[in-house]
$ cat start.cif   # mmCIF, C-alpha atoms and all ligand atoms
data_model
loop_
_atom_site.label_atom_id
_atom_site.label_comp_id
_atom_site.auth_asym_id
_atom_site.auth_seq_id
_atom_site.Cartn_x
_atom_site.Cartn_y
_atom_site.Cartn_z
CA MET A 78 32.62 -115.88 -13.87
CA ASP A 79 35.17 -113.23 -14.80
CA PHE A 80 34.07 -109.61 -14.94
CA LEU A 81 35.95 -107.43 -17.43
CA GLN A 82 35.46 -103.69 -17.13
CA PRO A 83 37.28 -101.67 -19.83
CA SER A 84 37.09 -97.89 -19.59
CA THR A 85 38.03 -97.10 -23.20
CA TRP A 86 36.94 -98.42 -26.59
CA ASP A 87 40.45 -99.72 -27.37
CA GLU A 88 40.52 -101.60 -24.07
CA ALA A 89 37.08 -103.05 -24.84
CA LEU A 90 38.20 -104.30 -28.27
CA ALA A 91 41.40 -105.75 -26.80
CA ALA A 92 39.39 -107.51 -24.07
CA LYS A 93 36.99 -109.00 -26.65
CA ALA A 94 39.94 -110.17 -28.76
CA ALA A 95 41.54 -111.81 -25.73
CA HIS A 96 38.21 -113.28 -24.51
CA PRO A 97 36.00 -113.91 -27.57
CA ASP A 98 33.66 -116.02 -25.40
CA ALA A 99 32.99 -113.07 -23.04
CA THR A 100 29.40 -111.78 -23.17
CA PRO A 101 29.22 -108.00 -23.62
CA ILE A 102 26.75 -106.30 -21.31
CA ALA A 103 25.30 -102.82 -21.91
CA GLY A 104 21.92 -102.14 -20.26
CA GLY A 105 21.75 -105.77 -19.17
CA THR A 106 18.01 -106.00 -19.81
CA ASP A 107 18.47 -109.12 -21.95
CA VAL A 108 21.74 -110.42 -20.49
CA MET A 109 20.58 -110.35 -16.86
CA VAL A 110 17.28 -112.06 -17.68
CA ASP A 111 19.21 -114.89 -19.35
CA LEU A 112 21.57 -115.16 -16.36
CA ASN A 113 18.72 -115.11 -13.85
CA PHE A 114 16.86 -117.88 -15.67
CA ASP A 115 20.11 -119.83 -16.12
CA ARG A 116 19.70 -119.75 -19.90
CA SER A 117 23.33 -118.73 -20.27
CA ARG A 118 26.41 -119.08 -18.07
CA PRO A 119 29.18 -117.13 -19.86
CA ALA A 120 32.81 -117.55 -18.86
CA ALA A 121 33.08 -113.76 -18.55
CA LEU A 122 30.99 -110.61 -18.72
CA LEU A 123 32.43 -107.65 -20.63
CA ASP A 124 30.88 -104.54 -19.10
CA LEU A 125 30.64 -101.77 -21.71
CA THR A 126 28.96 -99.14 -19.54
CA ARG A 127 32.20 -97.28 -18.77
CA VAL A 128 33.11 -96.84 -22.44
CA GLY A 129 32.06 -93.24 -23.02
CA ALA A 130 32.51 -93.42 -26.81
CA LEU A 131 29.57 -95.81 -27.06
CA THR A 132 27.19 -93.25 -25.61
CA GLU A 133 27.89 -90.50 -28.13
CA TRP A 134 26.03 -89.55 -31.31
CA GLY A 135 26.78 -87.09 -34.07
CA THR A 136 26.80 -86.58 -37.83
CA ASP A 137 29.26 -88.33 -40.12
CA GLY A 138 28.92 -86.69 -43.55
CA ASP A 139 25.32 -87.19 -44.60
CA LEU A 140 24.78 -89.88 -41.97
CA LEU A 141 23.72 -89.77 -38.35
CA ARG A 142 26.01 -92.04 -36.30
CA VAL A 143 24.60 -93.22 -32.99
CA GLY A 144 26.77 -95.09 -30.48
CA ALA A 145 25.61 -98.59 -29.56
CA GLY A 146 25.30 -97.58 -25.91
CA VAL A 147 22.76 -94.78 -26.43
CA THR A 148 19.62 -95.72 -24.49
CA TYR A 149 16.04 -95.69 -25.78
CA ARG A 150 15.32 -92.88 -23.33
CA ARG A 151 17.97 -90.71 -24.99
CA ILE A 152 16.78 -91.63 -28.49
CA VAL A 153 13.31 -90.42 -27.55
CA ASP A 154 14.61 -87.26 -25.83
CA GLU A 155 17.47 -86.32 -28.17
CA LEU A 156 16.80 -87.90 -31.58
CA GLY A 157 13.02 -87.61 -31.96
CA VAL A 158 13.40 -85.23 -34.91
CA ARG A 159 16.51 -86.78 -36.46
CA ALA A 160 15.39 -90.41 -36.26
CA PRO A 161 11.59 -90.25 -35.94
CA GLY A 162 10.87 -93.89 -36.80
CA LEU A 163 13.36 -95.23 -34.30
CA ALA A 164 12.14 -92.75 -31.69
CA ALA A 165 8.55 -93.90 -32.23
CA ALA A 166 9.64 -97.51 -31.72
CA SER A 167 11.76 -96.55 -28.70
CA ARG A 168 8.72 -95.00 -26.99
CA THR A 169 7.04 -98.43 -27.06
CA VAL A 170 9.95 -100.39 -25.55
CA GLY A 171 9.35 -101.91 -22.11
CA SER A 172 8.76 -99.37 -19.36
CA PRO A 173 10.51 -96.14 -18.30
CA GLN A 174 12.95 -98.24 -16.24
CA ILE A 175 13.82 -100.44 -19.22
CA ARG A 176 14.13 -97.45 -21.58
CA ASN A 177 16.51 -95.78 -19.11
CA ARG A 178 18.94 -98.72 -19.29
CA ALA A 179 18.37 -100.60 -22.53
CA THR A 180 20.23 -99.73 -25.71
CA VAL A 181 19.77 -100.15 -29.46
CA GLY A 182 23.20 -101.83 -29.50
CA GLY A 183 21.81 -104.43 -27.09
CA ASN A 184 18.77 -104.95 -29.34
CA LEU A 185 21.12 -105.55 -32.29
CA GLY A 186 23.32 -107.75 -30.09
CA SER A 187 20.38 -109.98 -29.16
CA ALA A 188 19.19 -109.94 -32.81
CA SER A 189 15.72 -111.12 -31.80
CA PRO A 190 13.17 -111.13 -34.65
CA ALA A 191 10.95 -109.24 -32.17
CA GLY A 192 13.42 -106.45 -31.38
CA ASP A 193 11.54 -103.17 -31.76
CA ALA A 194 14.52 -101.16 -33.00
CA HIS A 195 14.98 -103.39 -36.03
CA PRO A 196 11.99 -102.47 -38.25
CA PRO A 197 12.75 -98.72 -38.23
CA LEU A 198 16.44 -99.41 -38.86
CA LEU A 199 15.48 -101.58 -41.86
CA ALA A 200 13.02 -98.96 -43.13
CA ALA A 201 15.65 -96.22 -42.84
CA GLY A 202 18.32 -98.25 -44.67
CA ALA A 203 20.62 -98.24 -41.63
CA GLN A 204 24.12 -99.64 -41.36
CA VAL A 205 25.59 -101.42 -38.33
CA GLU A 206 29.19 -100.52 -37.46
CA LEU A 207 31.12 -103.54 -36.16
CA ALA A 208 34.64 -103.27 -34.77
CA SER A 209 37.43 -105.49 -33.53
CA VAL A 210 41.18 -105.16 -33.12
CA ARG A 211 41.28 -106.26 -36.80
CA GLY A 212 39.44 -103.12 -37.92
CA THR A 213 36.00 -101.58 -38.44
CA ARG A 214 33.33 -102.48 -41.00
CA ARG A 215 29.88 -101.14 -41.77
CA VAL A 216 27.25 -103.71 -42.64
CA PRO A 217 23.87 -102.81 -44.17
CA VAL A 218 21.27 -103.81 -41.58
CA THR A 219 19.60 -105.82 -44.36
CA ASP A 220 22.64 -108.14 -44.27
CA TYR A 221 23.14 -108.09 -40.50
CA PHE A 222 20.56 -110.66 -39.36
CA THR A 223 21.28 -114.26 -40.37
CA GLY A 224 18.65 -116.17 -38.34
CA PRO A 225 16.71 -116.07 -35.09
CA LYS A 226 19.03 -114.35 -32.57
CA ARG A 227 21.94 -114.68 -35.02
CA SER A 228 23.91 -112.07 -36.92
CA VAL A 229 27.07 -111.61 -38.97
CA LYS A 230 28.91 -110.28 -35.89
CA ALA A 231 32.13 -112.29 -35.38
CA PRO A 232 33.10 -113.57 -31.90
CA ASP A 233 35.82 -110.94 -31.53
CA GLU A 234 33.63 -108.06 -32.75
CA LEU A 235 31.64 -105.48 -30.82
CA ILE A 236 28.87 -103.24 -32.11
CA ALA A 237 30.24 -99.71 -32.16
CA ALA A 238 27.29 -97.79 -33.59
CA PHE A 239 24.51 -97.70 -36.14
CA LEU A 240 24.11 -95.15 -38.92
CA VAL A 241 20.99 -93.75 -40.56
CA PRO A 242 20.54 -90.88 -43.06
CA ALA A 243 21.10 -87.56 -41.27
CA ARG A 244 18.18 -86.02 -43.14
CA PRO A 245 15.13 -87.75 -41.70
CA ASN A 246 12.27 -88.99 -43.85
CA ALA A 247 8.62 -89.30 -42.92
CA GLU A 248 8.98 -92.33 -40.65
CA GLN A 249 6.38 -94.20 -38.64
CA PHE A 250 6.22 -97.33 -36.48
CA ALA A 251 3.35 -99.34 -35.05
CA LYS A 252 3.13 -102.63 -33.23
CA VAL A 253 0.51 -105.02 -31.96
CA GLY A 254 0.79 -106.54 -28.51
CA THR A 255 -1.58 -108.03 -26.01
CA ARG A 256 -1.37 -104.80 -24.01
CA ASN A 257 0.19 -101.39 -24.51
CA ALA A 258 3.50 -101.91 -22.68
CA MET A 259 5.86 -104.57 -21.40
CA VAL A 260 5.02 -107.20 -23.99
CA ILE A 261 6.89 -108.80 -26.84
CA ALA A 262 5.27 -107.59 -30.05
CA VAL A 263 2.91 -109.98 -31.85
CA CYS A 264 4.05 -108.13 -34.96
CA SER A 265 5.36 -104.68 -35.80
CA PHE A 266 5.86 -102.54 -38.87
CA SER A 267 7.88 -99.47 -39.76
CA LEU A 268 7.53 -97.27 -42.84
CA SER A 269 9.80 -94.58 -44.24
CA LEU A 270 8.76 -92.26 -47.08
CA ASP A 271 11.53 -90.24 -48.76
CA ALA A 272 9.89 -87.50 -50.83
CA SER A 273 13.20 -86.28 -52.28
CA THR A 274 14.00 -89.61 -53.95
CA ARG A 275 10.38 -90.80 -54.07
CA SER A 276 11.42 -94.02 -52.38
CA VAL A 277 9.86 -96.17 -49.67
CA GLY A 278 11.50 -98.19 -46.88
CA THR A 279 9.83 -100.91 -44.83
CA GLY A 280 10.60 -103.11 -41.83
CA ILE A 281 8.62 -106.01 -40.39
CA GLY A 282 9.16 -107.31 -36.85
CA SER A 283 8.04 -110.47 -35.02
CA ALA A 284 6.77 -112.13 -38.18
CA GLY A 285 9.68 -114.17 -39.50
CA PRO A 286 12.94 -115.81 -38.44
CA THR A 287 14.62 -112.40 -38.73
CA PRO A 288 13.36 -108.84 -39.05
CA LEU A 289 12.31 -108.48 -42.69
CA ARG A 290 11.71 -105.91 -45.39
CA ALA A 291 8.66 -105.87 -47.66
CA THR A 292 10.53 -105.02 -50.86
CA GLU A 293 7.72 -105.70 -53.33
CA ALA A 294 5.31 -103.63 -51.24
CA ALA A 295 7.83 -100.78 -51.05
CA ALA A 296 8.42 -100.77 -54.83
CA PHE A 297 4.67 -100.83 -55.48
CA LEU A 298 4.00 -97.93 -53.13
CA ALA A 299 6.90 -95.86 -54.47
CA ALA A 300 5.45 -96.18 -57.98
CA GLU A 301 1.85 -95.44 -56.98
CA LEU A 302 2.04 -92.60 -54.43
CA PRO A 303 0.89 -89.20 -55.76
CA TRP A 304 4.22 -87.60 -54.78
CA GLU A 305 3.70 -84.57 -57.02
CA SER A 306 0.18 -83.55 -56.03
CA ARG A 307 0.31 -84.84 -52.44
CA GLY A 308 -3.30 -85.79 -53.05
CA PRO A 309 -5.06 -88.52 -51.08
CA VAL A 310 -3.61 -92.01 -51.37
CA PRO A 311 -6.20 -94.00 -53.34
CA ALA A 312 -7.90 -96.61 -51.15
CA SER A 313 -6.99 -99.30 -53.68
CA VAL A 314 -3.28 -98.39 -53.37
CA ALA A 315 -3.36 -98.48 -49.56
CA ALA A 316 -5.21 -101.83 -49.64
CA ARG A 317 -2.76 -103.40 -52.12
CA PHE A 318 0.20 -102.07 -50.12
CA GLY A 319 -1.25 -103.70 -47.00
CA GLU A 320 -1.76 -107.00 -48.82
CA LEU A 321 1.82 -106.99 -50.12
CA VAL A 322 3.23 -106.24 -46.66
CA GLY A 323 1.23 -109.14 -45.19
CA ALA A 324 2.47 -111.39 -47.98
CA ALA A 325 6.11 -110.42 -47.32
CA ALA A 326 5.96 -111.73 -43.73
CA ARG A 327 7.10 -115.25 -42.89
CA PRO A 328 5.22 -115.71 -39.62
CA ILE A 329 4.62 -118.82 -37.54
CA ASP A 330 1.78 -119.82 -35.23
CA ASP A 331 2.91 -119.42 -31.62
CA VAL A 332 1.58 -118.50 -28.19
CA ARG A 333 1.47 -114.81 -29.12
CA GLY A 334 -0.58 -115.16 -32.29
CA SER A 335 -1.30 -117.24 -35.36
CA ALA A 336 0.49 -116.73 -38.65
CA ALA A 337 -2.81 -115.73 -40.28
CA TYR A 338 -3.49 -113.12 -37.61
CA ARG A 339 0.03 -111.69 -37.97
CA ARG A 340 -0.37 -111.29 -41.74
CA HIS A 341 -3.75 -109.62 -41.25
CA ALA A 342 -2.44 -107.31 -38.50
CA LEU A 343 0.57 -106.34 -40.62
CA SER A 344 -1.74 -105.33 -43.46
CA VAL A 345 -3.63 -103.09 -41.04
CA LEU A 346 -0.41 -101.61 -39.59
CA ALA A 347 0.91 -100.98 -43.10
CA ARG A 348 -2.20 -99.02 -44.11
CA ARG A 349 -2.24 -97.15 -40.80
CA THR A 350 1.43 -96.11 -40.88
CA LEU A 351 0.99 -95.10 -44.54
CA GLY A 352 -1.78 -92.69 -43.52
CA TRP A 353 0.39 -91.20 -40.75
CA ALA A 354 3.54 -90.90 -42.86
CA TRP A 355 1.65 -89.39 -45.80
CA ALA A 356 0.17 -86.79 -43.45
CA ASP A 357 3.72 -86.07 -42.17
CA LEU A 358 4.62 -85.16 -45.76
CA GLY A 359 1.64 -82.83 -45.95
CA GLY A 360 -0.35 -85.33 -48.01
CA ALA A 361 -4.12 -85.14 -48.08
CA ALA A 362 -6.18 -87.65 -46.09
C1 LIG B 401 10.81 -106.06 -18.81
C2 LIG B 401 11.41 -106.03 -20.18
C3 LIG B 401 10.72 -105.45 -21.22
C4 LIG B 401 11.28 -105.40 -22.50
N1 LIG B 401 10.57 -104.82 -23.52
C5 LIG B 401 11.09 -104.78 -24.77
C6 LIG B 401 10.37 -104.18 -25.83
O1 LIG B 401 9.26 -103.67 -25.66
N2 LIG B 401 10.95 -104.19 -27.07
C7 LIG B 401 12.17 -104.74 -27.30
O2 LIG B 401 12.65 -104.73 -28.44
N3 LIG B 401 12.88 -105.32 -26.31
C8 LIG B 401 12.37 -105.35 -25.05
N4 LIG B 401 13.08 -105.94 -24.03
C9 LIG B 401 14.37 -106.55 -24.34
C10 LIG B 401 15.58 -105.60 -24.13
O3 LIG B 401 15.25 -104.51 -23.30
C11 LIG B 401 16.08 -105.06 -25.48
O4 LIG B 401 16.47 -106.13 -26.33
C12 LIG B 401 17.24 -104.08 -25.32
O5 LIG B 401 17.44 -103.38 -26.53
C13 LIG B 401 18.52 -104.74 -24.87
O6 LIG B 401 19.47 -103.70 -24.65
P1 LIG B 401 20.52 -103.80 -23.44
O7 LIG B 401 21.40 -102.60 -23.54
O8 LIG B 401 19.82 -103.98 -22.13
O9 LIG B 401 21.29 -105.12 -23.85
P2 LIG B 401 22.09 -106.19 -22.97
O10 LIG B 401 21.13 -107.03 -22.20
O11 LIG B 401 23.19 -105.54 -22.23
O12 LIG B 401 22.70 -107.03 -24.18
C14 LIG B 401 21.87 -107.70 -25.10
C15 LIG B 401 22.72 -108.50 -26.08
O13 LIG B 401 23.50 -107.63 -26.87
C16 LIG B 401 24.90 -107.86 -26.64
N5 LIG B 401 25.53 -106.54 -26.68
C17 LIG B 401 25.16 -105.44 -26.00
N6 LIG B 401 25.91 -104.39 -26.37
C18 LIG B 401 26.77 -104.85 -27.31
C19 LIG B 401 27.81 -104.25 -28.09
N7 LIG B 401 28.12 -102.92 -28.02
N8 LIG B 401 28.49 -105.03 -28.96
C20 LIG B 401 28.20 -106.35 -29.07
N9 LIG B 401 27.23 -106.96 -28.38
C21 LIG B 401 26.52 -106.22 -27.51
C22 LIG B 401 24.98 -108.61 -25.34
O14 LIG B 401 26.12 -109.43 -25.24
C23 LIG B 401 23.71 -109.43 -25.40
O15 LIG B 401 23.91 -110.57 -26.23
C24 LIG B 401 12.54 -105.98 -22.73
C25 LIG B 401 13.27 -106.55 -21.66
C26 LIG B 401 12.71 -106.57 -20.40
C27 LIG B 401 13.49 -107.20 -19.27
#
$ encode --input "start.cif" --output "structure tokens" --more "lines below"
Ligand SMILES: Cc1cc2nc3c(=O)[nH]c(=O)nc-3n(C[C@H](O)[C@H](O)[C@H](O)COP(=O)(O)OP(=O)(O)OC[C@H]3O[C@@H](n4cnc5c(N)ncnc54)[C@H](O)[C@@H]3O)c2cc1C
Amino acid sequence: MDFLQPSTWDEALAAKAAHPDATPIAGGTDVMVDLNFDRSRPAALLDLTRVGALTEWGTDGDLLRVGAGVTYRRIVDELGVRAPGLAAASRTVGSPQIRNRATVGGNLGSASPAGDAHPPLLAAGAQVELASVRGTRRVPVTDYFTGPKRSVKAPDELIAAFLVPARPNAEQFAKVGTRNAMVIAVCSFSLSLDASTRSVGTGIGSAGPTPLRATEAAAFLAAELPWESRGPVPASVAARFGELVGAAARPIDDVRGSAAYRRHALSVLARRTLGWAWADLGGAA
């Protein structure tokens, strides 16, 4: 197996163009598991850990641009205020050791329906920045996932960064697992409430072939929330929102949970995150 180790972004893109079958490796927390279990045997590994540009974040107009190589640990430590939904999800990833190495770029690279970064990125209306020697393009995260562990990323492309609004909304994340850490989520949900535009973003994880949005639920909630008064969310509104989120999922029965349980749990997570996010906006309980 060849081992390619570029030290600049241009070298990385040139290496990927010359070796489109090379597997990029960032934190290695998915790649090394697959190698160890002999699930993949790539012709070459493309080590991205020396490419400093991937580990930077900053603002780009009214967007926050975060390099694909920023670890969960740094998202928790450095972006908790700027990207609260993603930071909440990042706190639940793996263990401290995993969070020290693993990256959001790697989560997007694996494109698992269970990836914990995906629901908050969907809820925030994120974009994924893909690059190759042919150029750079920004893809709405809603268009990024094409199937289980599949995405629109071309063989010669690398993930450069993701972008979310620089002005954070009230964002929350919750997931259900068989224990508190080191499990693949049975299901997960992220909610974003934007009081300035009175709009709602949602993201569902581990309950469909790809991460999903609950668009009908979001439109319903945006129309029904008492944005002006910040009064309590009527119980009937919270219940209907939960039902619509459950209905938006496309879960299967598997070893981690039944489809019926996932829909039920998502309804509960939707109501719970709504209570938290509404309180973040100063809304009454
Ligand atoms: C013990 C353990 C616990 C875990 N717990 C969780 C969890 O709670 N939640 C969760 O979501 N995941 C979890 N994971 C999975 C894993 O940690 C995440 O998917 C993580 O985000 C992967 O990031 P990485 O940097 O390690 O990716 P890598 O393993 O380096 O790469 C993952 C994939 O992305 C590709 N890739 C990486 N960077 C780029 C790039 N810049 N451009 C193009 N492709 C790229 C790789 O080629 C590969 O296909 C766990 C894994 C382990 C081993």
$ residues_near_ligand --input "start.cif" --ligand "ligand LIG 401 (chain B)" --cutoff "7 Å" --atoms "only C-alpha atoms and all ligand atoms" --output "PyMOL selection string"
chain A and resi 100-110+125+145-146+169-172+175+178-187+191-194+234-237+258-261
$ atom_distance --input "start.cif" --atom1 "atom CA of A:Gln204" --atom2 "atom CA of A:Val216"
5.3 Å
$ atom_distance --input "start.cif" --atom1 "atom CA of A:Ala160" --atom2 "atom CA of A:Pro232"
29.5 Å
$ atom_distance --input "start.cif" --atom1 "atom CA of A:Val210" --atom2 "atom CA of A:Gly135"
23.1 Å
$ closest_residue --input "start.cif" --among "A:Thr255, A:Thr292, A:Thr287, A:Ser269" --to "A:Asp220" --atoms "all atoms listed in the file"
A:Thr287
